[in-house]
Each structure stands twice: as structure tokens, then as C-alpha cells.
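Just below is one structure, and these are the notes that go with it.
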Amino acid sequence: MTDIRSDIASRVEDACRQGQALQILAGNTKFFYGRKIQETPLSVLEHSGIIEYEPSELYITARCGTPLNEIEQAIKTENQILPCEPPHFGAAASIGGMVAAGLSGPRRASSGAIRDCLLGVEIINGKGEYLRFGGKVMKNVAGYDASRLMCGALGTLGILMSVTLRLVPKPQHEQTIAITLNPADAILKMNFWARTPMPITATFHDGRDLYIRMAGSPSTIKRFADKVKGEPIDQGDIFWTNIKEQAYDFFLTDEPLWRILVPPSTKPLDCPGSCVMEWNGALRWYATHVKAPAIHSIAKQAGGHACQFRNQIDTQQVFHPLPSGLLEIHRKLKRAFDPQGILNPGKIYSEL
Amino acid sequence: MSTSPSLSKLVKRFCRILPKHAVLSEKEQLYPYECDALTAYRQTPLIALVPENQKQIQAIVDICRELKIPIVARGAGTSLSGGALPHAKGVLLNLAKLNNILEIDLDNRTATVEPGVTNLAISDAAKRYGLYYAPDPSSQLACTIGGNIAENSGGIHCLKYGLTVHNVLALKVLTIGGEILELGGKQPDSPGFDLLALMNGSEGMLGIVLQATVKLLPEPHSRKVLLAAFNCIQDAGNAVAAIISSGIIPAGLEMMDHFAVKATEQYCSPGYPKDAAAILICELDGFEEDLTDQVAWVQKILNKHRPVEVRLAKDKQEEELLWKGRKSAFPALGNLTPDYYCMDGTIPRKHLAKTLEEINVLSEKFGLRVANVFHAGDGNLHPLILYDANQEGELEIAEELGSEILQLCVKMGGTITGEHGVGIEKLDQMCVQFSPAELNTFHAIKSAFDEYELLNPGKAIPTLHRCAEFGAMHVHRGRLPHANLPRF
């Protein structure tokens with residue numbers, strides 16, 4: 001439990017005066033994500049500790065450097081979970097890094113993304129000012145939603161000092177079943193089920209089999225498992241951890257790994273390479289050597305977007321390019337929070 | 001700020017891009033727009049425009065940008081915070097005619113609609129597919145999706161299903177610069193900053209919503225509604241906390257205090273125990289098999305908190321009656337008083353009983369009655385201050401009482417507005433909740449989208465000057481002079 005907020009604020013103030021760019025780091029478990037930058041490192045890992053946790057209030061407030069493991073352990077004892085089921089990508093993963101990266105896990109399609117469970121943040125902006133947005137309550141419409149702006153911004157708008165997240169009760173019972181289905185049929189089935197009240201909390205298709213996680217009472221699960229004619233698999237928890245942490249065989253590739261997001265019911269993409277799917281088909285991972293502009297265009301045609309997730313070959317254009325008007329708004333917003341452009345410059349786009 | 005030509009020239013100019021009947025500038029044509037549901041503030045606009053399509057809106061924005069004329073966009077005008085209060089020298093942009101449902105995408109479970117479509121119309125259109133749009137503000141029959149986005153509206157079921165921001169997937173937004181921004185999509189996540197979230201709750205100050213794609217959810221398998229009555233409000237508050245921490249998220253969890261219960265019973269006889277100090281209405285939804293267990297579990301928790309009565313609605317009819325009481329609470333209280341002023345603070349649930357006690361103290365101090373209707377599950381309070389606008393000075397007293405209630409919410413670790421927005425009404429309280437550096441950030445965000453402050457100027461975010469003035473006046477005199485004058 002250490003509070004090094006004022007140290008960090010004065011470091012940023014100095015950097016702002018000197019126009020010195022900073023690279024914000026915590027556990028550095030997601031080092032592969034985003035554009036590569038090399039600036040003066042500023043570690044926030046020491047700014048750590050759970051500030052407030054009251055199970056009946058369904059929220060937790062923690063300093064940015066608090067290990068994600070510590071948070072998940074603390075809430076587990078009260079039978080609660082983070083609804084977004086975030087990946088860690090390493091034991092050192094911090095709660096601040098989770099919000100900054102904005103990467104959600106298998107439960108995303110059923111209980112929301114990281115930004116959906118983000119209630120409030122405290123940040124230090126590019127001038128070294130300490131700011132608080134959002135709060136601890138779910139309903140809060142005072143001022144612009146600057147807290148959700150931080151989610152997925154990869155530290156380019158502010159250094160997260162603490163975050164408050166909404167929690168949900170852990171499902172009493174979950175069971176995973178598997179069905180052999182080709183990708184096109186799997187997409188149809190997943191999206192058919194999603195429009196009926198089914199207790200599905202995660203889906204994954206590995207190219208051959210569709211895995212479905214269901215939650216509820218054993219009798220409810222059995223009824224729906226019978227309905228979809230699936231085979232129960234053992235140790236579902238381990239299975240989904242492997243998917244979430246990308247320890248599953250498919251992800252252990254040296255090939256460039258693309259994260260493509262499309263409307264869930266989109267038919268299999270016409271893209272060479274191997275593919276697995278999550279989130280009812282909305283998230284498609286591709287291991288492929290196809291060049292970036294071609295993949296961006298495939299994703300765009302499907303109404304979605306693509307990002308080079310791991311093993312990048314084109315280090316310039318990692319995220320899907322933005323239309324010029326939208327990019328201009330991004331530039332202005334960046335200046336609103338970080339006028340000197342010293343916080344993780346270039347981490348998302350070279351212009352920011 | 002406006003460099004506009006004379007009104008008649010302006011009318012002519014708008015008539016070139018709009019049909020004549022869509023350009024309103026006569027006094028009697030402008031009266032219907034002089035206020036939204038916060039009727040204490042009134043102002044007719046210079047001109048009101050009723051476009052019928054996107055092209056016309058773009059042409060209007062081009063003219064306003066050129067002449068630096070403020071624009072206030074309006075849906076159904078149900079805002080409770082004066083968010084749609086017109087600007088004296090500006091255009092009131094009525095978007096109600098853009099009311100087409102453009103697409104129901106069954107495979108992706110989305111509806112794409114124009115901004116003037118009402119909240120309930122979306123669920124109605126999706127109903128035959130067994131789907132619905134989850135956020136359900138009490139004005140859902142009238143309020144439009146454009147307004148819901150501007151206010152990030154909630155409703156009774158948002159504890160489980162989220163607010164507007166959780167249910168809007170994509171927006172087509174027109175900036176004052178004339179640029180059309182496509183934010184979000186039917187796919188999850190978006191590259192870059194989360195501007196989609198930023199637009200929700202931005203009170204029409206960053207852009208004009210031309211089109212929205214919202215998430216549709218499958219209707220739950222089954223529902224159950226419970227009523228519990230208590231002799232002491234503390235017990236009711238503790239029961240709420242106990243239900244939530246037991247691992248159950250009710251679809252709705254509402255509380256009403258004695259005063260509200262009594263008024264509602266008189267108004268529509270929903271069968272609430274009249275003498276109760278507080279009642280809870282708890283709706284559970286899910287699968288039939290799971291629900292039976294959950295209901296038993298919740299009943300057990302409720303019984304541990306000394307209830308006078310715990311009742312499970314035996315059929316749909318009784319469920320509807322229990323909800324009818326809650327949904328009629330505002331009109332029921334309206335029956336008892338010439339005017340009421342509805343507040344909208346949110347507090348962490350654990351401070352519920354303490355907050356209600358302090359509201360009672362404030363109520364006595366100011367000599368005005370306060371009834372409490374409360375989204376207990378998510379900590380969103382709606383204290384209703386009863387007053388009579390015809391009594392000299394009573395509105396001002398009501399406003400000051402309201403202001404103190406909101407400051408109390410901030411003190412309790414909550415916020416000045418849960419779902420009604422800041423609008424024109426809570427500008428002073430924003431100074432209590434946010435620091436000058438935070439307010440400056442908000443102004444910088446505004447400026448990133450709207451440099452000349454033409455979109456709904458003067459709303460939602462107070463100037464630092466105003467805050468300095470508010471602080472000084474508040475400390476030295478306790479009451480605002482000229483409380484009726486708009487202060488930007």
C-alpha cells in the first residue's frame with residue numbers, strides 16, 4: 001500500500017516543462033500491444049493497493065499499480081468477479097494497465113467490456129494536474145464521461161492513478177460444452193442462440209469445435225445443454241483461462257496475430273490464414289501473413305476494424321486507421337489532456 | 001455573440017433550405033418550445049426549425065456555423081434539467097420528425113434508428129422478434145433516443161441491464177464543423193478513443209445525433225415481483241444492501257418512503273401497506289427454475305430485516321399493480337401539491353438511511369415537505385420537494401433546499417445527477433463536485449468539438465467565473481440573489 005501520487009505528479013510537471021516525453025509503465029505484461037515507443041520510462045507500479053472495497057456496494061477502488069491478481073483474489077472471497085473477465089498476459093498485470101489497454105475477456109459478449117464496468121478514474125494529466133472523473137456509483141451523468149475516455153487510450157490522455165470498477169456476483173455454477181461445427185454454422189448458431197434467453201456466458205470456436213460456457217442452476221444448464229446437443233467438457237475454468245490468456249495452442253504462433261472485430265453474424269471472412277472466434281463471432285483472431293492494408297480493407301468491408309495484436313510486421317499502422325475528421329478530433333482531445341504531447345506519444349497513432 | 005442578420009433575413013435564408021412550415025419564428029409558434037419538463041426555466045428561441053431529414057440538418061448547421069448562431073437540439077423535450085431550454089439568440093432544432101426506425105437487424109440484435117424515435121417505439125418494433133431495448137426511463141412513451149443519448153438516460157432496470165451508454169452500439173454524429181463522425185459499430189470496441197461513450201450524456205454539446213444503433217436483448221424467460229414493507233427506513237436500506245451482497249442482481253429494486261406510499265395509495269390504490277415507513281419493490285428475472293430458488297432466497301433475506309409484510313405477486317395482474325404504484329408516484333405526489341421539484345442525486349447504497357435522515361432535517365429547516373422515491377438498487381435518489389410557485393419566494397426556497405440535498409449527495413461520496421443531467425439546473429452544484437482543473441478539462445473537451453460554443457451553449461459545464469461567484473455568494477449569504485435570472 002503506497003501512495004506515490006505526488007511524486008508522479010511532480011515528475012510529470014517537470015517533464016511537461018521540459019517537453020520530455022514519458023513512457024508510462026506498470027507490470028509491462030502487454031508490452032506487445034500498440035505501437036512501439038521508446039521514451040523516458042515512468043513506472044507507476046509502486047502506486048499500489050486496494051483503497052476501498054465493499055461487497056454490498058458492488059465496486060472496488062484500487063490504485064493503478066495494484067496487481068490484477070490481488071484484486072481478483074480479494075473479490076473472489078466475496079463471490080464476486082470483474083464482469084469483463086480481463087486477460088492478464090502475465091503475473092505482473094496491474095489494474096491500471098487493464099483499463100489503459102481496454103482488452104476484455106470471454107465474458108465480454110454477455111456482461112460487457114472494461115469500459116462498461118468502469119465507474120470512475122483519478123488521473124494525472126499531461127500538465128501534472130490531478131483530476132477525478134466519474135465516481136463510485138453506476139448512475140452518474142455529471143460532466144462529460146472523461147473516465148471512459150481513458151479506457152483503451154493506452155495512457156495517451158492521462159496517467160491513471162486509481163480506478164473504480166463495478167463488480168458482479170460470480171455465477172453460482174458454470175459448465176462448458178462442446179459441439180463440432182464448421183465456422184459458418186457456428187456463427188449462425190451462436191447468433192441464433194444470442195437472440196433467445198440462453199444462459200451463455202462465453203463462446204469460442206477453434207476452427208473445428210464450438211465451445212459454449214453456460215451459467216445458472218445445474219437444472220437450467222442441463223436443459224439448455226440438451227437443447228444444443230453439446231458434450232460437457234471437464235475443467236471448463238482452465239479451458240477459458242487458456243483462451244483468455246492466449247495459452248491455447250492457436251495463439252502460440254510466430255505468425256502475425258490479428259484481432260479483427262466485426263458484427264457478430266458476419267460470415268467467415270475471405271482472408272487467408274487460420275482463424276479462431278470469440279464473442280458470438282464478433283472477435284476473430286487471425287494468424288496470417290497478409291499485409292496490413294489488405295486486412296484493414298477486409299475488416300472494413302465487413303463493417304468492422306482490425307489491429308495487429310502480436311508479432312507485428314508493420315510497426316507503423318498497428319491500429320485500424322481513422323478517417324481524417326475523426327483523427328482531427330482525436331488530436332484536439334489529446335491536446336486537451338496533454339498539451340505538450342508527453343504522455344505515451346505515438347502509442348496508438350503516430351499523430352497522437 | 002451572434003453576428004446574425006435581421007430575423008426576417010434569417011427566416012428567408014432557412015426557408016431556402018426547409019419547407020416554409022418547418023421554419024417557425026412567430027411568437028405563438030415559439031411558445032411550445034419555451035421550456036422542457038423543467039418548467040421553472042423558460043425562454044423562447046429566436047427561431048425554431050423542424051427538419052425532416054439529415055440533409056436539411058446539415059444545411060441548418062452550415063448556416064448556423066457561418067453566422068455563429070447557437071443551436072439547441074431537442075427531442076421530445078422531456079428533460080428534467082432544462083437541457084433543451086432554448087437560447088434567446090439561437091435556433092431550436094426540433095428533431096422529432098426524424099422518427100424512422102431504419103433497420104431491425106435480427107442476426108446482430110440491433111436496431112438502427114433516427115434521433116426522434118421514441119424509446120418505447122424501439123422495444124415495440126423489436127417485440128415480435130422477442131427482443132427489446134433495455135433502458136426504460138419513466139418518460140419512455142414520449143422521450144426520444146436522441147434525448148436519451150444526450151442525457152445517458154437510465155430507468156428502473158438499469159441496475160442489471162445498464163444505462164444508455166451500455167446499450168448504444170453506434171452513432172452517426174454531425175459536428176458543428178459539418179463533419180459526420182461514425183462512432184462505434186455493430187462490432188464491439190472501436191479503434192482510438194472511446195468517443196461513443198463520450199457522446200452519451202454530453203447533453204447535445206458535442207454534436208448532433210443523426211442516427212443511433214442500439215443493442216436489443218432477448219426478453220427474459222420469466223419475471224417475479226416482490227413487495228416488502230418496513231416500519232423503519234433503516235431496515236429497508238439494510239435489506240437492499242443484504243440482497244445485493246448476497247449475489248443476486250434484481251432486474252429492479254425500488255424504494256418509496258411513507259409519504260410517497262401514502263400519496264400513491266390515495267392516487268391509484270396499488271395495495272401498498274399505508275402505514276409502512278418504507279416499501280421495497282423487487283423484480284427478479286431469469287429462468288423459471290433459477291427464479292424459484294432466487295425468490296425464496298430474497299424472501300429469506302427480507303424476512304431477516306423485520307418487515308411488516310413480504311408479498312410475492314401471484315399473477316401478472318398483481319405484478320403490474322405493484323409497478324403501477326411506483327410508476328405513478330410522481331403524478332400521485334403532484335396531486336397533493338401545486339408544484340414539485342424533482343431531484344436526482346446518487347449515493348453509495350450504504351449511506352441510504354443516513355442520507356434520508358439528513359434530507360428530513362433539511363426539509364424541516366426549509367419548511368418544505370420532501371417525498372422520497374428511490375432507485376434503491378443503484379443508489380439513485382429522487383427526492384421530490386413539494387412547493388407552491390404562487391407563494392412568493394417558495395420556488396427559490398425549493399431550489400435552495402434542492403441544492404443542499406445535492407451537496408449532501410456529493411458529501412456522501414455520490415454525485416449531483418444520476419440520470420437527469422446537469423442542463424441549466426445544476427450548474428452551480430457542478431462547482432461543488434468538480435475542481436477548476438476538472439472543469440477546465442471539460443471546457444477543453446467541448447472546445448475540441450465546438451470551438452465557438454455554438455451547440456447548446458451555457459449548459460452542463462459552468463464557467464470558472466460562475467463557480468467563483470457561486471462559492472462567494474453561497475458562503476457569504478447562503479442564498480442566491482436573483483435566483484430566477486439565467487446565469488451562464
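Identifiers in the C-alpha cells: chain A, B, ... in order shown; residue index from 1 per chain; ligand index from 1 in order shown.
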What residues in chain A lie within 6 Å of chain B, counting only C-alpha atoms, written as a PyMOL selection string? chain A and resi 55-56+131+139-142+144-145+149+153+169+195-197+217+261-263+265+304+332-333+336
Identify, on the basis of only C-alpha atoms, every residue whose closest approach to stretch 106-108 of chain A does not exceed 10 Å; exclude the query and any residue fewer than 3 positions from it along the same chain; express the result as a VMD selection string. (chain A and resid 82 to 87 103 111 to 114 116 200 to 204 213 240 to 241 243 to 244 278 to 280 283) or (chain B and resid 188)
Keeping only N, CA and C atoms, write those residues as a JSON list (two decimals), in the first residue's frame.
[["chain", "number", "residue", "atom", "x", "y", "z"],
["A", 82, "LEU", "N", -14.90, -9.52, -11.79],
["A", 82, "LEU", "CA", -14.93, -8.40, -12.73],
["A", 82, "LEU", "C", -15.75, -8.88, -13.93],
["A", 83, "PRO", "N", -16.82, -8.16, -14.28],
["A", 83, "PRO", "CA", -17.70, -8.67, -15.34],
["A", 83, "PRO", "C", -16.99, -8.83, -16.69],
["A", 84, "CYS", "N", -15.91, -8.08, -16.91],
["A", 84, "CYS", "CA", -15.26, -8.09, -18.22],
["A", 84, "CYS", "C", -14.23, -9.23, -18.35],
["A", 85, "GLU", "N", -13.99, -9.96, -17.29],
["A", 85, "GLU", "CA", -13.08, -11.13, -17.31],
["A", 85, "GLU", "C", -11.77, -10.83, -18.05],
["A", 86, "PRO", "N", -11.01, -9.84, -17.55],
["A", 86, "PRO", "CA", -9.87, -9.35, -18.34],
["A", 86, "PRO", "C", -8.71, -10.33, -18.43],
["A", 87, "PRO", "N", -8.01, -10.35, -19.55],
["A", 87, "PRO", "CA", -6.78, -11.13, -19.63],
["A", 87, "PRO", "C", -5.68, -10.45, -18.81],
["A", 103, "LEU", "N", -8.69, -4.20, -22.89],
["A", 103, "LEU", "CA", -8.93, -5.50, -23.51],
["A", 103, "LEU", "C", -9.83, -6.35, -22.60],
["A", 111, "SER", "N", -21.54, -9.95, -20.47],
["A", 111, "SER", "CA", -21.67, -8.98, -19.38],
["A", 111, "SER", "C", -20.85, -7.71, -19.55],
["A", 112, "GLY", "N", -20.43, -7.44, -20.77],
["A", 112, "GLY", "CA", -19.88, -6.13, -21.04],
["A", 112, "GLY", "C", -18.36, -6.03, -21.07],
["A", 113, "ALA", "N", -17.90, -4.89, -21.56],
["A", 113, "ALA", "CA", -16.48, -4.63, -21.74],
["A", 113, "ALA", "C", -15.91, -3.93, -20.51],
["A", 114, "ILE", "N", -14.60, -3.71, -20.51],
["A", 114, "ILE", "CA", -13.97, -3.00, -19.41],
["A", 114, "ILE", "C", -14.59, -1.61, -19.26],
["A", 116, "ASP", "N", -17.45, -0.74, -19.83],
["A", 116, "ASP", "CA", -18.80, -0.83, -19.27],
["A", 116, "ASP", "C", -18.79, -0.95, -17.75],
["A", 200, "ILE", "N", -25.87, -18.26, -21.80],
["A", 200, "ILE", "CA", -24.50, -18.39, -22.34],
["A", 200, "ILE", "C", -23.62, -17.23, -21.86],
["A", 201, "THR", "N", -22.45, -17.56, -21.29],
["A", 201, "THR", "CA", -21.56, -16.50, -20.81],
["A", 201, "THR", "C", -20.24, -16.42, -21.58],
["A", 202, "ALA", "N", -19.99, -17.35, -22.50],
["A", 202, "ALA", "CA", -18.79, -17.25, -23.33],
["A", 202, "ALA", "C", -18.92, -18.23, -24.50],
["A", 203, "THR", "N", -18.29, -17.86, -25.62],
["A", 203, "THR", "CA", -18.24, -18.77, -26.77],
["A", 203, "THR", "C", -16.83, -18.72, -27.37],
["A", 204, "PHE", "N", -16.41, -19.85, -27.90],
["A", 204, "PHE", "CA", -15.11, -19.91, -28.58],
["A", 204, "PHE", "C", -15.19, -20.98, -29.66],
["A", 213, "ARG", "N", -19.92, -21.73, -22.86],
["A", 213, "ARG", "CA", -19.99, -21.77, -21.40],
["A", 213, "ARG", "C", -21.37, -21.28, -20.97],
["A", 240, "TRP", "N", -11.14, -21.83, -20.26],
["A", 240, "TRP", "CA", -11.39, -20.41, -20.55],
["A", 240, "TRP", "C", -10.21, -19.53, -20.13],
["A", 241, "THR", "N", -9.49, -19.96, -19.09],
["A", 241, "THR", "CA", -8.28, -19.21, -18.73],
["A", 241, "THR", "C", -7.27, -19.29, -19.87],
["A", 243, "ILE", "N", -7.93, -19.64, -23.03],
["A", 243, "ILE", "CA", -8.40, -18.78, -24.13],
["A", 243, "ILE", "C", -8.06, -17.33, -23.80],
["A", 244, "LYS", "N", -8.47, -16.93, -22.61],
["A", 244, "LYS", "CA", -8.30, -15.53, -22.18],
["A", 244, "LYS", "C", -6.83, -15.13, -22.18],
["A", 278, "GLU", "N", -14.30, -15.61, -30.97],
["A", 278, "GLU", "CA", -14.92, -15.46, -29.65],
["A", 278, "GLU", "C", -16.13, -14.54, -29.80],
["A", 279, "TRP", "N", -16.80, -14.29, -28.68],
["A", 279, "TRP", "CA", -17.87, -13.30, -28.59],
["A", 279, "TRP", "C", -18.93, -13.48, -29.67],
["A", 280, "ASN", "N", -19.47, -14.65, -29.79],
["A", 280, "ASN", "CA", -20.52, -14.96, -30.78],
["A", 280, "ASN", "C", -20.08, -14.69, -32.22],
["A", 283, "LEU", "N", -15.46, -11.33, -32.40],
["A", 283, "LEU", "CA", -14.00, -11.23, -32.29],
["A", 283, "LEU", "C", -13.36, -12.39, -33.05],
["B", 188, "PRO", "N", -18.00, -4.99, -31.57],
["B", 188, "PRO", "CA", -17.60, -4.42, -30.29],
["B", 188, "PRO", "C", -16.32, -3.58, -30.43]]
Just the number, please: distance in Å from atom CA of A:Cys64 to atom CA of A:Ser104, one decimal.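 Computing the Euclidean distance for atom CA of A:Cys64 and atom CA of A:Ser104 yields 17.2 Å.
Summary of the local environment: counting only C-alpha atoms, residues at most 9 Å from A:Lys127, other than itself and those fewer than 2 positions away along its chain, are Ala9, Val12, Glu13, Asp14, Ala15, Cys16, Arg17, Ile124, Asn125, Glu129, Tyr130, Phe337, Asp338, Pro339 and Gln340 of chain A.
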Would you give me, as a PyMOL selection string, the residues in stretch 3-210 of chain B that DSSP reads as helix (DSSP H, G or I)? chain B and resi 7-17+20-22+27-33+54-67+119-129+145-151+158-161+164-167+195-199
File of the preceding selection, C-alpha atoms, as a tab-separated table (two decimals), in the first residue's frame:
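Result file result34.tsv:
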chain	number	residue	atom	x	y	z
B	7	LEU	CA	-34.74	37.89	-38.16
B	8	SER	CA	-36.62	38.27	-41.42
B	9	LYS	CA	-33.47	37.75	-43.45
B	10	LEU	CA	-32.66	34.72	-41.37
B	11	VAL	CA	-36.13	33.26	-41.85
B	12	LYS	CA	-35.75	33.74	-45.60
B	13	ARG	CA	-32.41	32.01	-45.54
B	14	PHE	CA	-33.77	29.00	-43.67
B	15	CYS	CA	-36.81	28.91	-45.95
B	16	ARG	CA	-34.44	28.32	-48.85
B	17	ILE	CA	-33.34	25.02	-47.32
B	20	LYS	CA	-41.91	27.08	-45.06
B	21	HIS	CA	-43.89	25.21	-42.41
B	22	ALA	CA	-40.65	23.94	-40.89
B	27	LYS	CA	-44.25	34.27	-31.02
B	28	GLU	CA	-47.15	31.84	-30.74
B	29	GLN	CA	-45.21	29.26	-32.77
B	30	LEU	CA	-42.27	29.53	-30.39
B	31	TYR	CA	-44.16	29.23	-27.11
B	32	PRO	CA	-44.39	25.42	-27.20
B	33	TYR	CA	-40.58	25.36	-27.13
B	54	GLN	CA	-30.36	14.61	-42.47
B	55	LYS	CA	-29.58	16.87	-45.45
B	56	GLN	CA	-31.73	19.63	-44.00
B	57	ILE	CA	-29.96	19.33	-40.65
B	58	GLN	CA	-26.59	19.60	-42.36
B	59	ALA	CA	-27.74	22.72	-44.23
B	60	ILE	CA	-29.01	24.26	-40.96
B	61	VAL	CA	-25.70	23.56	-39.24
B	62	ASP	CA	-23.80	25.12	-42.16
B	63	ILE	CA	-25.78	28.33	-41.86
B	64	CYS	CA	-25.51	28.47	-38.07
B	65	ARG	CA	-21.77	27.89	-38.24
B	66	GLU	CA	-21.34	30.64	-40.80
B	67	LEU	CA	-23.43	33.14	-38.82
B	119	ASN	CA	-37.57	4.97	-26.53
B	120	LEU	CA	-40.64	2.73	-26.33
B	121	ALA	CA	-41.08	2.60	-30.13
B	122	ILE	CA	-37.80	0.68	-30.36
B	123	SER	CA	-38.97	-2.03	-27.99
B	124	ASP	CA	-42.36	-2.10	-29.70
B	125	ALA	CA	-40.71	-2.66	-33.08
B	126	ALA	CA	-38.46	-5.40	-31.69
B	127	LYS	CA	-41.20	-7.14	-29.73
B	128	ARG	CA	-42.28	-9.51	-32.46
B	129	TYR	CA	-38.77	-10.97	-32.51
B	145	ILE	CA	-33.45	8.13	-28.31
B	146	GLY	CA	-31.57	11.31	-29.28
B	147	GLY	CA	-32.50	12.82	-25.93
B	148	ASN	CA	-31.69	9.56	-24.12
B	149	ILE	CA	-28.18	9.69	-25.60
B	150	ALA	CA	-27.76	13.35	-24.68
B	151	GLU	CA	-28.67	12.57	-21.07
B	158	CYS	CA	-30.51	-0.28	-15.34
B	159	LEU	CA	-29.08	-1.96	-12.24
B	160	LYS	CA	-28.99	-5.17	-14.22
B	161	TYR	CA	-29.06	-4.01	-17.83
B	164	THR	CA	-27.95	4.23	-22.37
B	165	VAL	CA	-24.14	4.23	-22.69
B	166	HIS	CA	-24.12	0.45	-22.20
B	167	ASN	CA	-26.78	-0.11	-24.81
B	195	LEU	CA	-15.88	8.84	-28.34
B	196	LEU	CA	-19.04	6.76	-28.35
B	197	ALA	CA	-19.05	6.78	-24.55
B	198	LEU	CA	-18.16	10.48	-24.55
B	199	MET	CA	-21.21	11.35	-26.66
Between atom CA of A:Ala302 and atom CA of A:Gly281, what distance in Å does the model show, to one decimal?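 According to the coordinates, atom CA of A:Ala302 and atom CA of A:Gly281 are separated by 12.3 Å.
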Atom CA of B:Ile424 and atom CA of B:Ile397 are how many Å apart?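 Those two atoms sit 17.5 Å apart.
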List as a VMD selection string the protein and nucleic acid residues near stretch 223-236 of chain A, meaning an atom at most 9 Å away when only C-alpha atoms are counted, but skip any in the same chain fewer than 2 places from it. chain A and resid 174 to 180 198 to 199 211 to 214 218 to 221 238 to 241
Based on the selection just made, write C-alpha atoms of those residues as a compact mmCIF listing (two decimals), in the first residue's frame.
# COMPACT_ATOMS: atom_id res chain seq x y z
CA GLU A 174 -20.89 -22.80 -14.87
CA GLN A 175 -20.49 -25.63 -17.32
CA THR A 176 -18.79 -25.71 -20.70
CA ILE A 177 -20.00 -27.87 -23.55
CA ALA A 178 -18.50 -28.57 -26.97
CA ILE A 179 -20.13 -29.21 -30.34
CA THR A 180 -18.41 -30.00 -33.61
CA MET A 198 -29.99 -18.59 -23.17
CA PRO A 199 -27.65 -18.68 -20.16
CA TYR A 211 -17.23 -24.28 -27.02
CA ILE A 212 -20.06 -22.73 -25.05
CA ARG A 213 -19.99 -21.77 -21.40
CA MET A 214 -23.33 -21.66 -19.62
CA PRO A 218 -27.47 -27.23 -12.74
CA SER A 219 -31.02 -27.94 -13.95
CA THR A 220 -31.12 -24.84 -16.19
CA ILE A 221 -27.73 -25.70 -17.63
CA ILE A 238 -8.85 -23.97 -17.15
CA PHE A 239 -10.12 -24.02 -20.71
CA TRP A 240 -11.39 -20.41 -20.55
CA THR A 241 -8.28 -19.21 -18.73
Do you know which residues are at most 10 Å from stretch 38-47 of chain A counting only C-alpha atoms, after dropping those on the same chain fewer than 4 positions away, and could you put them as number ranges by chain? A: 1-5, 7-8, 11-12, 15, 20-28, 62-67, 92-97, 159-162, 342-347
Skip A:Phe309 itself and residues of its chain fewer than 2 positions away, then list as a ChimeraX atom specification all residues within 6 Å of it, counting only C-alpha atoms. /A:33,257-259,307
Please identify all polymer residues within 7 Å of A:Arg132, counting only C-alpha atoms, omitting same-chain residues fewer than 3 positions from it, and present them as a PyMOL selection string. chain A and resi 121-123
